[in-house]
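Source file: my_file-v5.pdb (PDB, C-alpha atoms)
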```pdb
ATOM      1  CA  PHE A 891      17.047 -60.361  11.441
ATOM      2  CA  PHE A 892      18.511 -57.716  13.718
ATOM      3  CA  ILE A 893      20.748 -56.471  10.915
ATOM      4  CA  ILE A 894      17.775 -56.320   8.508
ATOM      5  CA  ILE A 895      15.675 -54.308  11.005
ATOM      6  CA  LEU A 896      18.589 -51.999  11.791
ATOM      7  CA  THR A 897      19.288 -51.452   8.120
ATOM      8  CA  ASP A 898      15.616 -50.686   7.367
ATOM      9  CA  THR A 899      15.350 -48.314  10.329
ATOM     10  CA  THR A 900      18.572 -46.555   9.355
ATOM     11  CA  LYS A 901      17.299 -46.172   5.793
ATOM     12  CA  ARG A 902      14.009 -44.624   6.927
ATOM     13  CA  LEU A 903      15.801 -42.310   9.343
ATOM     14  CA  SER A 904      18.143 -41.242   6.536
ATOM     15  CA  GLN A 905      15.110 -40.505   4.351
ATOM     16  CA  ALA A 906      13.542 -38.500   7.210
ATOM     17  CA  VAL A 907      16.774 -36.506   7.571
ATOM     18  CA  TRP A 908      16.817 -35.897   3.798
ATOM     19  CA  ILE A 909      13.194 -34.692   3.920
ATOM     20  CA  ALA A 910      13.991 -32.409   6.874
ATOM     21  CA  ASN A 911      16.890 -30.913   4.913
ATOM     22  CA  GLU A 912      14.681 -30.413   1.859
ATOM     23  CA  ILE A 913      12.098 -28.594   3.996
ATOM     24  CA  ALA A 914      14.869 -26.493   5.530
ATOM     25  CA  ASN A 915      15.996 -25.561   2.001
ATOM     26  CA  GLY A 916      12.497 -24.371   1.079
ATOM     27  CA  ASN A 917      11.212 -27.409  -0.803
ATOM     28  CA  LEU A 918       7.717 -27.911   0.619
ATOM     29  CA  ASN A 919       6.380 -30.324  -2.019
ATOM     30  CA  ASN A 920       8.075 -33.528  -0.832
ATOM     31  CA  GLN A 921       6.175 -36.819  -1.091
ATOM     32  CA  ILE A 922       6.329 -38.281   2.431
ATOM     33  CA  ASP A 923       5.397 -41.915   3.149
ATOM     34  CA  ILE A 924       3.473 -42.066   6.449
ATOM     35  CA  GLU A 925       2.181 -45.645   6.211
ATOM     36  CA  HIS A 926       4.435 -47.010   8.950
ATOM     37  CA  LYS A 927       3.127 -46.591  12.500
ATOM     38  CA  ASP A 928       6.417 -46.994  14.346
ATOM     39  CA  GLU A 929       8.637 -44.149  15.596
ATOM     40  CA  THR A 930      10.071 -43.478  12.148
ATOM     41  CA  GLY A 931       6.538 -43.369  10.749
ATOM     42  CA  GLN A 932       5.535 -40.905  13.460
ATOM     43  CA  LEU A 933       8.579 -38.814  12.573
ATOM     44  CA  ARG A 934       7.597 -38.810   8.901
ATOM     45  CA  SER A 935       4.029 -37.887   9.874
ATOM     46  CA  ALA A 936       5.330 -34.965  11.945
ATOM     47  CA  LEU A 937       7.522 -33.844   9.037
ATOM     48  CA  ASN A 938       4.541 -34.058   6.679
ATOM     49  CA  CYS A 939       2.395 -31.998   9.090
ATOM     50  CA  MET A 940       5.164 -29.432   9.460
ATOM     51  CA  GLN A 941       5.605 -29.227   5.673
ATOM     52  CA  THR A 942       1.862 -28.692   5.166
ATOM     53  CA  GLN A 943       1.656 -26.013   7.853
ATOM     54  CA  LEU A 944       4.717 -24.185   6.510
ATOM     55  CA  ARG A 945       3.324 -24.264   2.973
ATOM     56  CA  GLU A 946      -0.041 -22.866   4.127
ATOM     57  CA  ARG A 947       1.649 -20.232   6.275
ATOM     58  CA  ILE A 948       3.883 -19.119   3.418
ATOM     59  CA  GLU A 949       0.915 -18.957   1.042
ATOM     60  CA  ASN A 950      -1.047 -16.871   3.581
ATOM     61  CA  GLU A 951       1.918 -14.578   4.171
ATOM     62  CA  LYS A 952       2.374 -14.222   0.421
ATOM     63  CA  GLN A 953      -1.278 -13.266   0.045
ATOM     64  CA  VAL A 954      -1.007 -10.744   2.877
ATOM     65  CA  ALA A 955       2.194  -9.332   1.347
ATOM     66  CA  GLU A 956       0.526  -8.984  -2.061
ATOM     67  CA  GLU A 957      -2.456  -7.202  -0.501
ATOM     68  CA  ALA A 958      -0.111  -4.904   1.433
ATOM     69  CA  LEU A 959       1.838  -4.231  -1.762
ATOM     70  CA  ARG A 960      -1.372  -3.308  -3.625
ATOM     71  CA  ILE A 961      -2.353  -0.941  -0.821
ATOM     72  CA  ASN A 962       1.135   0.543  -0.769
ATOM     73  CA  ARG A 963       1.113   1.090  -4.536
ATOM     74  CA  ALA A 964      -2.343   2.671  -4.324
ATOM     75  CA  LEU A 965      -1.163   5.030  -1.564
ATOM     76  CA  ASP A 966       1.951   5.897  -3.575
ATOM     77  CA  LYS A 967      -0.169   7.053  -6.528
ATOM     78  CA  ALA A 968      -3.013   8.653  -4.544
ATOM     79  CA  THR A 969      -3.486  12.377  -5.207
ATOM     80  CA  THR A 970      -4.115  13.017  -1.504
ATOM     81  CA  ASN A 971      -1.000  13.975   0.482
ATOM     82  CA  ILE A 972      -0.539  11.093   2.954
ATOM     83  CA  LEU A 973       1.924  10.746   5.837
ATOM     84  CA  ILE A 974       2.142   7.779   8.243
ATOM     85  CA  THR A 975       3.972   7.597  11.590
ATOM     86  CA  ASP A 976       4.887   4.847  14.029
ATOM     87  CA  LYS A 977       3.690   4.677  17.647
ATOM     88  CA  ASN A 978       6.305   7.260  18.668
ATOM     89  CA  TYR A 979       5.035   9.598  15.926
ATOM     90  CA  ASN A 980       8.201   9.279  13.871
ATOM     91  CA  ILE A 981       7.449   9.528  10.153
ATOM     92  CA  ILE A 982       7.764   6.155   8.416
ATOM     93  CA  TYR A 983       5.962   6.819   5.123
ATOM     94  CA  LEU A 984       5.218   9.647   2.677
ATOM     95  CA  ASN A 985       3.390   9.030  -0.574
ATOM     96  CA  GLU A 986       4.490  10.646  -3.828
ATOM     97  CA  ALA A 987       1.973  13.486  -3.555
ATOM     98  CA  ALA A 988       3.175  14.412  -0.046
ATOM     99  CA  GLN A 989       6.835  14.250  -1.112
ATOM    100  CA  SER A 990       6.072  16.566  -4.039
ATOM    101  CA  LEU A 991       4.158  18.979  -1.784
ATOM    102  CA  PHE A 992       6.952  19.325   0.767
ATOM    103  CA  LYS A 993       9.677  19.592  -1.870
ATOM    104  CA  THR A 994       7.726  22.302  -3.709
ATOM    105  CA  GLU A 995       7.038  24.286  -0.534
ATOM    106  CA  GLU A 996      10.382  23.601   1.154
ATOM    107  CA  GLU A 997      11.713  27.157   0.782
ATOM    108  CA  ASN A 998       8.502  28.667   2.166
ATOM    109  CA  ILE A 999       8.477  26.243   5.096
ATOM    110  CA  ARG A1000      12.126  26.921   5.922
ATOM    111  CA  LYS A1001      11.294  30.616   6.459
ATOM    112  CA  SER A1002       9.673  29.540   9.730
ATOM    113  CA  LEU A1003      11.139  26.059  10.280
ATOM    114  CA  ILE A1004      14.833  26.520   9.510
ATOM    115  CA  ASN A1005      15.666  22.856  10.139
ATOM    116  CA  PHE A1006      13.038  21.535   7.731
ATOM    117  CA  GLU A1007      14.447  19.285   4.975
ATOM    118  CA  ALA A1008      12.007  17.681   2.559
ATOM    119  CA  ASN A1009      14.462  14.893   1.690
ATOM    120  CA  HIS A1010      14.972  13.903   5.344
ATOM    121  CA  LEU A1011      11.417  13.636   6.634
ATOM    122  CA  ILE A1012      11.498   9.841   6.964
ATOM    123  CA  GLY A1013      12.544   9.150  10.545
ATOM    124  CA  ALA A1014      11.807  12.703  11.727
ATOM    125  CA  ASN A1015       9.181  13.311  14.397
ATOM    126  CA  PHE A1016       5.821  14.792  13.421
ATOM    127  CA  ASN A1017       6.326  17.595  15.972
ATOM    128  CA  LEU A1018       8.739  19.275  13.560
ATOM    129  CA  PHE A1019       5.756  20.818  11.748
ATOM    130  CA  HIS A1020       4.883  23.024  14.728
ATOM    131  CA  GLN A1021       6.543  26.426  14.678
ATOM    132  CA  LYS A1022       6.724  26.887  18.455
ATOM    133  CA  ASN A1023       8.052  23.359  19.019
ATOM    134  CA  ILE A1024       5.067  22.588  21.211
ATOM    135  CA  GLU A1025       5.015  18.922  22.179
ATOM    136  CA  GLN A1026       1.935  17.456  20.500
ATOM    137  CA  THR A1027       2.357  13.883  21.753
ATOM    138  CA  PRO A1028      -0.155  14.153  24.650
ATOM    139  CA  LEU A1029      -2.803  15.470  22.255
ATOM    140  CA  LEU A1030      -2.051  12.757  19.682
ATOM    141  CA  LYS A1031      -2.167   9.972  22.275
ATOM    142  CA  GLY A1032      -5.604  11.128  23.366
ATOM    143  CA  LEU A1033      -7.135  10.779  19.892
ATOM    144  CA  THR A1034      -9.702   8.041  19.423
ATOM    145  CA  GLY A1035     -11.007   9.133  16.016
ATOM    146  CA  SER A1036     -10.180  11.431  13.107
ATOM    147  CA  HIS A1037      -9.197  14.972  14.100
ATOM    148  CA  LEU A1038      -9.127  18.032  11.805
ATOM    149  CA  ALA A1039      -6.288  20.452  12.486
ATOM    150  CA  LYS A1040      -4.577  23.345  10.727
ATOM    151  CA  ILE A1041      -0.940  24.277  10.282
ATOM    152  CA  THR A1042      -0.001  27.764   9.092
ATOM    153  CA  ILE A1043       3.658  28.157   8.175
ATOM    154  CA  ASP A1044       4.392  31.630   6.834
ATOM    155  CA  ASP A1045       2.035  31.923   3.811
ATOM    156  CA  LEU A1046       1.515  28.150   3.594
ATOM    157  CA  ALA A1047      -1.839  26.917   4.938
ATOM    158  CA  LEU A1048      -2.094  23.156   5.474
ATOM    159  CA  ASP A1049      -5.286  21.567   6.736
ATOM    160  CA  HIS A1050      -4.725  18.010   7.871
ATOM    161  CA  ILE A1051      -6.839  15.141   9.132
ATOM    162  CA  ILE A1052      -5.142  12.995  11.769
ATOM    163  CA  THR A1053      -6.474   9.447  12.155
ATOM    164  CA  PRO A1054      -4.938   7.261  14.886
ATOM    165  CA  VAL A1055      -4.115   3.621  14.129
ATOM    166  CA  ILE A1056      -5.353   1.597  17.116
ATOM    167  CA  ASN A1057      -5.228  -2.182  17.549
ATOM    168  CA  SER A1058      -7.892  -4.409  19.130
ATOM    169  CA  ASN A1059      -6.331  -3.854  22.561
ATOM    170  CA  GLY A1060      -6.708  -0.092  22.318
ATOM    171  CA  GLU A1061      -2.988   0.485  21.828
ATOM    172  CA  HIS A1062      -1.849   3.308  19.528
ATOM    173  CA  LEU A1063       0.335   1.947  16.745
ATOM    174  CA  GLY A1064       0.781   5.271  14.966
ATOM    175  CA  MET A1065      -1.318   7.611  12.871
ATOM    176  CA  VAL A1066      -2.247   8.509   9.311
ATOM    177  CA  VAL A1067      -2.179  12.194   8.341
ATOM    178  CA  GLU A1068      -3.900  13.521   5.214
ATOM    179  CA  PHE A1069      -2.687  16.983   4.192
ATOM    180  CA  ASN A1070      -4.697  19.478   2.148
ATOM    181  CA  ASN A1071      -2.797  22.475   0.814
ATOM    182  CA  ARG A1072      -5.282  25.368   1.181
ATOM    183  CA  THR A1073      -2.784  28.148   0.477
ATOM    184  CA  LEU A1074      -4.380  29.167  -2.826
ATOM    185  CA  GLU A1075      -7.871  28.800  -1.376
ATOM    186  CA  VAL A1076      -7.037  30.988   1.640
ATOM    187  CA  ALA A1077      -5.426  33.628  -0.571
ATOM    188  CA  THR A1078      -8.493  33.619  -2.836
ATOM    189  CA  GLU A1079     -10.795  33.999   0.165
ATOM    190  CA  GLN A1080      -8.803  37.029   1.281
ATOM    191  CA  GLU A1081      -8.978  38.565  -2.207
ATOM    192  CA  ILE A1082     -12.740  38.017  -2.377
ATOM    193  CA  ASN A1083     -13.204  39.596   1.054
ATOM    194  CA  GLN A1084     -11.136  42.619   0.006
ATOM    195  CA  VAL A1085     -13.167  43.096  -3.198
ATOM    196  CA  LEU A1086     -16.506  42.731  -1.405
ATOM    197  CA  GLN A1087     -15.385  45.000   1.438
ATOM    198  CA  ALA A1088     -14.391  47.667  -1.099
ATOM    199  CA  ALA A1089     -17.707  47.262  -2.930
ATOM    200  CA  SER A1090     -19.657  47.715   0.317
ATOM    201  CA  GLN A1091     -17.874  51.066   0.711
ATOM    202  CA  GLY A1092     -18.744  52.173  -2.828
ATOM    203  CA  ASP A1093     -15.475  51.185  -4.526
ATOM    204  CA  LEU A1094     -16.463  49.072  -7.517
ATOM    205  CA  GLN A1095     -13.078  49.106  -9.234
ATOM    206  CA  GLN A1096     -11.396  46.348  -7.238
ATOM    207  CA  ARG A1097     -10.977  42.960  -8.978
ATOM    208  CA  ILE A1098      -9.678  39.489  -8.140
ATOM    209  CA  THR A1099      -6.453  38.630  -9.957
ATOM    210  CA  LEU A1100      -6.653  35.490 -12.124
ATOM    211  CA  GLU A1101      -2.923  34.822 -12.124
ATOM    212  CA  ASN A1102      -1.951  31.369 -10.777
ATOM    213  CA  LYS A1103      -5.605  30.346 -10.496
ATOM    214  CA  SER A1104      -7.196  27.342 -12.187
ATOM    215  CA  GLY A1105     -10.247  25.140 -11.993
ATOM    216  CA  PHE A1106     -12.908  26.169  -9.481
ATOM    217  CA  PHE A1107     -10.952  29.121  -8.085
ATOM    218  CA  LYS A1108     -10.448  30.636 -11.536
ATOM    219  CA  THR A1109     -14.094  30.106 -12.523
ATOM    220  CA  PHE A1110     -15.349  31.560  -9.239
ATOM    221  CA  SER A1111     -13.003  34.567  -9.453
ATOM    222  CA  GLU A1112     -14.057  35.240 -13.046
ATOM    223  CA  GLY A1113     -17.696  35.152 -11.927
ATOM    224  CA  ILE A1114     -17.082  37.683  -9.132
ATOM    225  CA  ASN A1115     -15.193  39.953 -11.542
ATOM    226  CA  GLN A1116     -18.034  39.770 -14.084
ATOM    227  CA  ILE A1117     -20.546  40.752 -11.409
ATOM    228  CA  MET A1118     -18.376  43.695 -10.404
ATOM    229  CA  ASP A1119     -17.982  44.736 -14.073
ATOM    230  CA  SER A1120     -21.740  44.665 -14.641
ATOM    231  CA  ASN A1121     -22.491  46.593 -11.473
ATOM    232  CA  GLN A1122     -19.815  49.183 -12.189
ATOM    233  CA  ASP A1123     -21.041  49.706 -15.777
ATOM    234  CA  ALA A1124     -24.660  50.103 -14.634
ATOM    235  CA  VAL A1125     -23.793  52.516 -11.816
ATOM    236  CA  GLU A1126     -21.522  54.589 -14.074
ATOM    237  CA  ASP A1127     -24.298  54.816 -16.719
ATOM    238  CA  ILE A1128     -26.755  56.050 -14.103
ATOM    239  CA  MET A1129     -24.208  58.544 -12.728
ATOM    240  CA  ARG A1130     -23.564  59.968 -16.226
ATOM    241  CA  LEU A1131     -27.274  60.336 -16.889
ATOM    242  CA  ILE A1132     -27.933  62.010 -13.531
ATOM    243  CA  ALA A1133     -25.025  64.377 -14.133
ATOM    244  CA  ALA A1134     -26.553  65.293 -17.511
ATOM    245  CA  LEU A1135     -29.975  65.901 -15.921
ATOM    246  CA  ALA A1136     -28.342  68.076 -13.265
ATOM    247  CA  ASN A1137     -26.995  70.256 -16.092
ATOM    248  CA  GLY A1138     -30.432  70.447 -17.746
ATOM    249  CA  ASP A1139     -29.581  68.042 -20.574
ATOM    250  CA  LEU A1140     -32.664  65.890 -21.238
ATOM    251  CA  THR A1141     -31.317  64.328 -24.412
ATOM    252  CA  LYS A1142     -29.062  61.750 -22.767
ATOM    253  CA  GLN A1143     -30.138  58.129 -22.272
ATOM    254  CA  ILE A1144     -28.612  54.893 -21.068
ATOM    255  CA  GLU A1145     -27.541  53.003 -24.183
ATOM    256  CA  ASN A1146     -25.648  50.029 -22.777
ATOM    257  CA  GLN A1147     -27.459  46.690 -22.646
ATOM    258  CA  SER A1148     -28.547  45.613 -19.166
ATOM    259  CA  VAL A1149     -30.523  42.670 -17.857
ATOM    260  CA  GLY A1150     -32.499  41.889 -14.750
ATOM    261  CA  ILE A1151     -33.051  44.674 -12.256
ATOM    262  CA  PHE A1152     -30.527  46.898 -14.032
ATOM    263  CA  GLY A1153     -32.413  46.439 -17.296
ATOM    264  CA  GLN A1154     -35.661  47.452 -15.594
ATOM    265  CA  LEU A1155     -33.948  50.429 -13.981
ATOM    266  CA  LYS A1156     -32.494  51.458 -17.346
ATOM    267  CA  ASN A1157     -35.922  51.320 -19.025
ATOM    268  CA  ASP A1158     -37.601  53.281 -16.234
ATOM    269  CA  ILE A1159     -34.939  55.987 -16.208
ATOM    270  CA  ASN A1160     -34.981  56.342 -20.016
ATOM    271  CA  LEU A1161     -38.786  56.537 -19.975
ATOM    272  CA  THR A1162     -38.686  59.208 -17.276
ATOM    273  CA  VAL A1163     -36.129  61.253 -19.235
ATOM    274  CA  ASN A1164     -38.193  60.961 -22.430
ATOM    275  CA  LEU A1165     -41.383  62.132 -20.677
ATOM    276  CA  ASN A1166     -39.595  65.085 -19.118
ATOM    277  CA  HIS A1167     -38.054  65.912 -22.479
ATOM    278  CA  GLU A1168     -41.497  65.868 -24.173
ATOM    279  CA  LEU A1169     -43.067  67.996 -21.445
ATOM    280  CA  SER A1170     -40.211  70.458 -21.732
ATOM    281  CA  ALA A1171     -40.685  70.655 -25.520
ATOM    282  CA  GLU A1172     -44.436  71.259 -25.194
ATOM    283  CA  SER A1173     -43.922  74.001 -22.638
ATOM    284  CA  ASP A1174     -41.533  75.696 -25.015
TER     285      ASP A1174
END
```
Let me see whether you can do it: turn the structure in this file into structure tokens.
Amino acid sequence: FFIIILTDTTKRLSQAVWIANEIANGNLNNQIDIEHKDETGQLRSALNCMQTQLRERIENEKQVAEEALRINRALDKATTNILITDKNYNIIYLNEAAQSLFKTEEENIRKSLINFEANHLIGANFNLFHQKNIEQTPLLKGLTGSHLAKITIDDLALDHIITPVINSNGEHLGMVVEFNNRTLEVATEQEINQVLQAASQGDLQQRITLENKSGFFKTFSEGINQIMDSNQDAVEDIMRLIAALANGDLTKQIENQSVGIFGQLKNDINLTVNLNHELSAESD
């Protein structure tokens, strides 16, 4: 009887060891008999509970990993330039748009930041973007919400939104930075200001260049240029007519087509010239 009990116990312990090895090897679908209530049965029950918990944990971790992968892939393909740092503000991630931006502008950036290398940004500290090497960490640690800032490096103008990553305990885990390259926009603003400033001083010949412009900036620049063309044509027509009147020539009129207030002005001036011409003819 003792031998039978010992043999049965040894067999169940061997099976428990086999199950434990299977679990250790990643097999979490073992059929475990937990009918016995003795110590070996309790061991099997514990192994079954462990197997179930491991399987659920792995499934949850797999789900979390898949969600993180989807987010990562979405960030990779996002058109916004995104940079992420760790809690020490060392760069740990750049999406494809940000990598392209810094590689394209690398030569311009290196004019002011000689140590800048677009291919070695991962691991570098975010402070490298500041020309005067001013330590920004105290400012960054004090952020509790999104903060809009600007970086001007030579002719490159980068607006960026800094959003701190904070856990439930209020600890800073890092930050997310969204860059917006406003170089073209800033240059266009300067051109527009120059054209309008010249126009306010009576110079109507200045125009906004359309080279390297597209989308909204090209459409807006074309619109400004068209306005300047129309105003210049109308003013030059009036100047020619007034010059003719000053020389006693009452036969000249404004022939170019005009609309709006310039069209009304054209009609009134032509009517005035015609009346004066008729009165002059009658007096003769």
Would you kindly return, as an mmCIF file with C-alpha atoms, in the frame of the given file, each protein, DNA or RNA residue with an atom no farther than 12 Å from any atom of Ser1120 (chain A), considering only C-alpha atoms and excluding same-chain residues fewer than 2 positions away?
```cif
data_model
loop_
_atom_site.group_PDB
_atom_site.id
_atom_site.type_symbol
_atom_site.label_atom_id
_atom_site.label_comp_id
_atom_site.auth_asym_id
_atom_site.auth_seq_id
_atom_site.Cartn_x
_atom_site.Cartn_y
_atom_site.Cartn_z
ATOM 1 C CA LEU A 1094 -16.463 49.072 -7.517
ATOM 2 C CA GLN A 1095 -13.078 49.106 -9.234
ATOM 3 C CA GLY A 1113 -17.696 35.152 -11.927
ATOM 4 C CA ILE A 1114 -17.082 37.683 -9.132
ATOM 5 C CA ASN A 1115 -15.193 39.953 -11.542
ATOM 6 C CA GLN A 1116 -18.034 39.770 -14.084
ATOM 7 C CA ILE A 1117 -20.546 40.752 -11.409
ATOM 8 C CA MET A 1118 -18.376 43.695 -10.404
ATOM 9 C CA GLN A 1122 -19.815 49.183 -12.189
ATOM 10 C CA ASP A 1123 -21.041 49.706 -15.777
ATOM 11 C CA ALA A 1124 -24.660 50.103 -14.634
ATOM 12 C CA VAL A 1125 -23.793 52.516 -11.816
ATOM 13 C CA GLU A 1126 -21.522 54.589 -14.074
ATOM 14 C CA ASP A 1127 -24.298 54.816 -16.719
ATOM 15 C CA ASN A 1146 -25.648 50.029 -22.777
ATOM 16 C CA GLN A 1147 -27.459 46.690 -22.646
ATOM 17 C CA SER A 1148 -28.547 45.613 -19.166
ATOM 18 C CA VAL A 1149 -30.523 42.670 -17.857
ATOM 19 C CA GLY A 1150 -32.499 41.889 -14.750
ATOM 20 C CA ILE A 1151 -33.051 44.674 -12.256
ATOM 21 C CA PHE A 1152 -30.527 46.898 -14.032
ATOM 22 C CA GLY A 1153 -32.413 46.439 -17.296
#
```
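In terms of minimum interatomic distance to Leu1011 (chain A), A:Leu984 ranks closest within A:Ile999, A:Ile909, A:Met940, A:Leu984, counting all atoms listed in the file.
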Counting all atoms listed in the file, the option among A:Lys977, A:Lys967, A:Arg1097, A:His1062 closest to Glu1081 (chain A): A:Arg1097
To one decimal place, how far is CA of Gly1035 (chain A) from CA of Thr975 (chain A) in Å?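 We find that CA of Gly1035 (chain A) and CA of Thr975 (chain A) lie 15.7 Å from each other.
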Using all atoms listed in the file: which of A:Ile922, A:Asn962, A:Ala1008, A:Val1067 has the shortest distance to Asp976 (chain A): A:Val1067
Just give me the gap between CA of Gln1143 (chain A) and CA of Thr1162 (chain A) in Å, one decimal is fine. 10.0 Å
To one decimal place, how far is CA of Ile982 (chain A) from CA of Glu949 (chain A) in Å?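 These atoms are spaced 27.1 Å apart.
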In terms of the shortest atom-to-atom distance over all atoms listed in the file, which of A:Asn1017, A:Asn1102, A:Asn1164, A:Asn978 is closest to Asp1139 (chain A)?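 Closest to Asp1139 (chain A) of all the choices is A:Asn1164.
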What would the selection look like, as a PyMOL selection string, if the PyMOL selection byres ((chain A and resi 912-915) around 10) were run on the coordinates I just shared? chain A and resi 906-911+916-920+937-938+940-941+944-945
Same residues, C-alpha atoms, saved as a PDB file, keeping the file's coordinate frame:
```
ATOM      1  CA  ALA A 906      13.542 -38.500   7.210  1.00  0.00           C
ATOM      2  CA  VAL A 907      16.774 -36.506   7.571  1.00  0.00           C
ATOM      3  CA  TRP A 908      16.817 -35.897   3.798  1.00  0.00           C
ATOM      4  CA  ILE A 909      13.194 -34.692   3.920  1.00  0.00           C
ATOM      5  CA  ALA A 910      13.991 -32.409   6.874  1.00  0.00           C
ATOM      6  CA  ASN A 911      16.890 -30.913   4.913  1.00  0.00           C
ATOM      7  CA  GLY A 916      12.497 -24.371   1.079  1.00  0.00           C
ATOM      8  CA  ASN A 917      11.212 -27.409  -0.803  1.00  0.00           C
ATOM      9  CA  LEU A 918       7.717 -27.911   0.619  1.00  0.00           C
ATOM     10  CA  ASN A 919       6.380 -30.324  -2.019  1.00  0.00           C
ATOM     11  CA  ASN A 920       8.075 -33.528  -0.832  1.00  0.00           C
ATOM     12  CA  LEU A 937       7.522 -33.844   9.037  1.00  0.00           C
ATOM     13  CA  ASN A 938       4.541 -34.058   6.679  1.00  0.00           C
ATOM     14  CA  MET A 940       5.164 -29.432   9.460  1.00  0.00           C
ATOM     15  CA  GLN A 941       5.605 -29.227   5.673  1.00  0.00           C
ATOM     16  CA  LEU A 944       4.717 -24.185   6.510  1.00  0.00           C
ATOM     17  CA  ARG A 945       3.324 -24.264   2.973  1.00  0.00           C
TER      18      ARG A 945
END
```
Around (-15.4, 31.8, -9.8) in the file's own coordinates, what residues are found within 12 Å if you use all atoms listed in the file, given back as a PyMOL selection string? chain A and resi 1075+1078-1079+1082+1098-1100+1103-1117
Could you take the residues named above and write them with C-alpha atoms, as a JSON list (two decimals), in the frame of the given file?
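Everything below was put into out14.json:
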```
[["chain", "number", "residue", "atom", "x", "y", "z"],
["A", 1075, "GLU", "CA", -7.87, 28.80, -1.38],
["A", 1078, "THR", "CA", -8.49, 33.62, -2.84],
["A", 1079, "GLU", "CA", -10.80, 34.00, 0.16],
["A", 1082, "ILE", "CA", -12.74, 38.02, -2.38],
["A", 1098, "ILE", "CA", -9.68, 39.49, -8.14],
["A", 1099, "THR", "CA", -6.45, 38.63, -9.96],
["A", 1100, "LEU", "CA", -6.65, 35.49, -12.12],
["A", 1103, "LYS", "CA", -5.60, 30.35, -10.50],
["A", 1104, "SER", "CA", -7.20, 27.34, -12.19],
["A", 1105, "GLY", "CA", -10.25, 25.14, -11.99],
["A", 1106, "PHE", "CA", -12.91, 26.17, -9.48],
["A", 1107, "PHE", "CA", -10.95, 29.12, -8.09],
["A", 1108, "LYS", "CA", -10.45, 30.64, -11.54],
["A", 1109, "THR", "CA", -14.09, 30.11, -12.52],
["A", 1110, "PHE", "CA", -15.35, 31.56, -9.24],
["A", 1111, "SER", "CA", -13.00, 34.57, -9.45],
["A", 1112, "GLU", "CA", -14.06, 35.24, -13.05],
["A", 1113, "GLY", "CA", -17.70, 35.15, -11.93],
["A", 1114, "ILE", "CA", -17.08, 37.68, -9.13],
["A", 1115, "ASN", "CA", -15.19, 39.95, -11.54],
["A", 1116, "GLN", "CA", -18.03, 39.77, -14.08],
["A", 1117, "ILE", "CA", -20.55, 40.75, -11.41]]
```
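The nearest approach to Phe1019 (chain A) among the residues A:Asn980, A:Thr897, A:Asn1160, A:Asn985, with only C-alpha atoms taken into account, belongs to A:Asn980.
Residue membership of the PyMOL selection byres ((chain A and resi 1006) around 12) in the shown file amounts to Phe992, Lys993, Glu995, Glu996, Glu997, Asn998, Ile999, Arg1000, Lys1001, Ser1002, Leu1003, Ile1004, Asn1005, Glu1007, Ala1008, Asn1009, His1010, Leu1011, Ile1012, Ala1014, Asn1015, Phe1016, Asn1017, Leu1018, Phe1019, His1020, Gln1021 and Ile1043 of chain A.
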Put the listed atoms of region 1061-1070 of chain A in a box along x, y and z with 3 Å added on every side and give me the centre and edge lengths in Å to one decimal, as lines of an AutoDock Vina configuration file.
```
center_x = -2.0
center_y = 10.0
center_z = 12.0
size_x = 11.5
size_y = 25.0
size_z = 25.7
```
Please determine, counting all atoms listed in the file, which residue among A:Val1076, A:Ile1132, A:Ile981, A:Ala1089 has the shortest atom-to-atom distance to Asp1119 (chain A). A:Ala1089
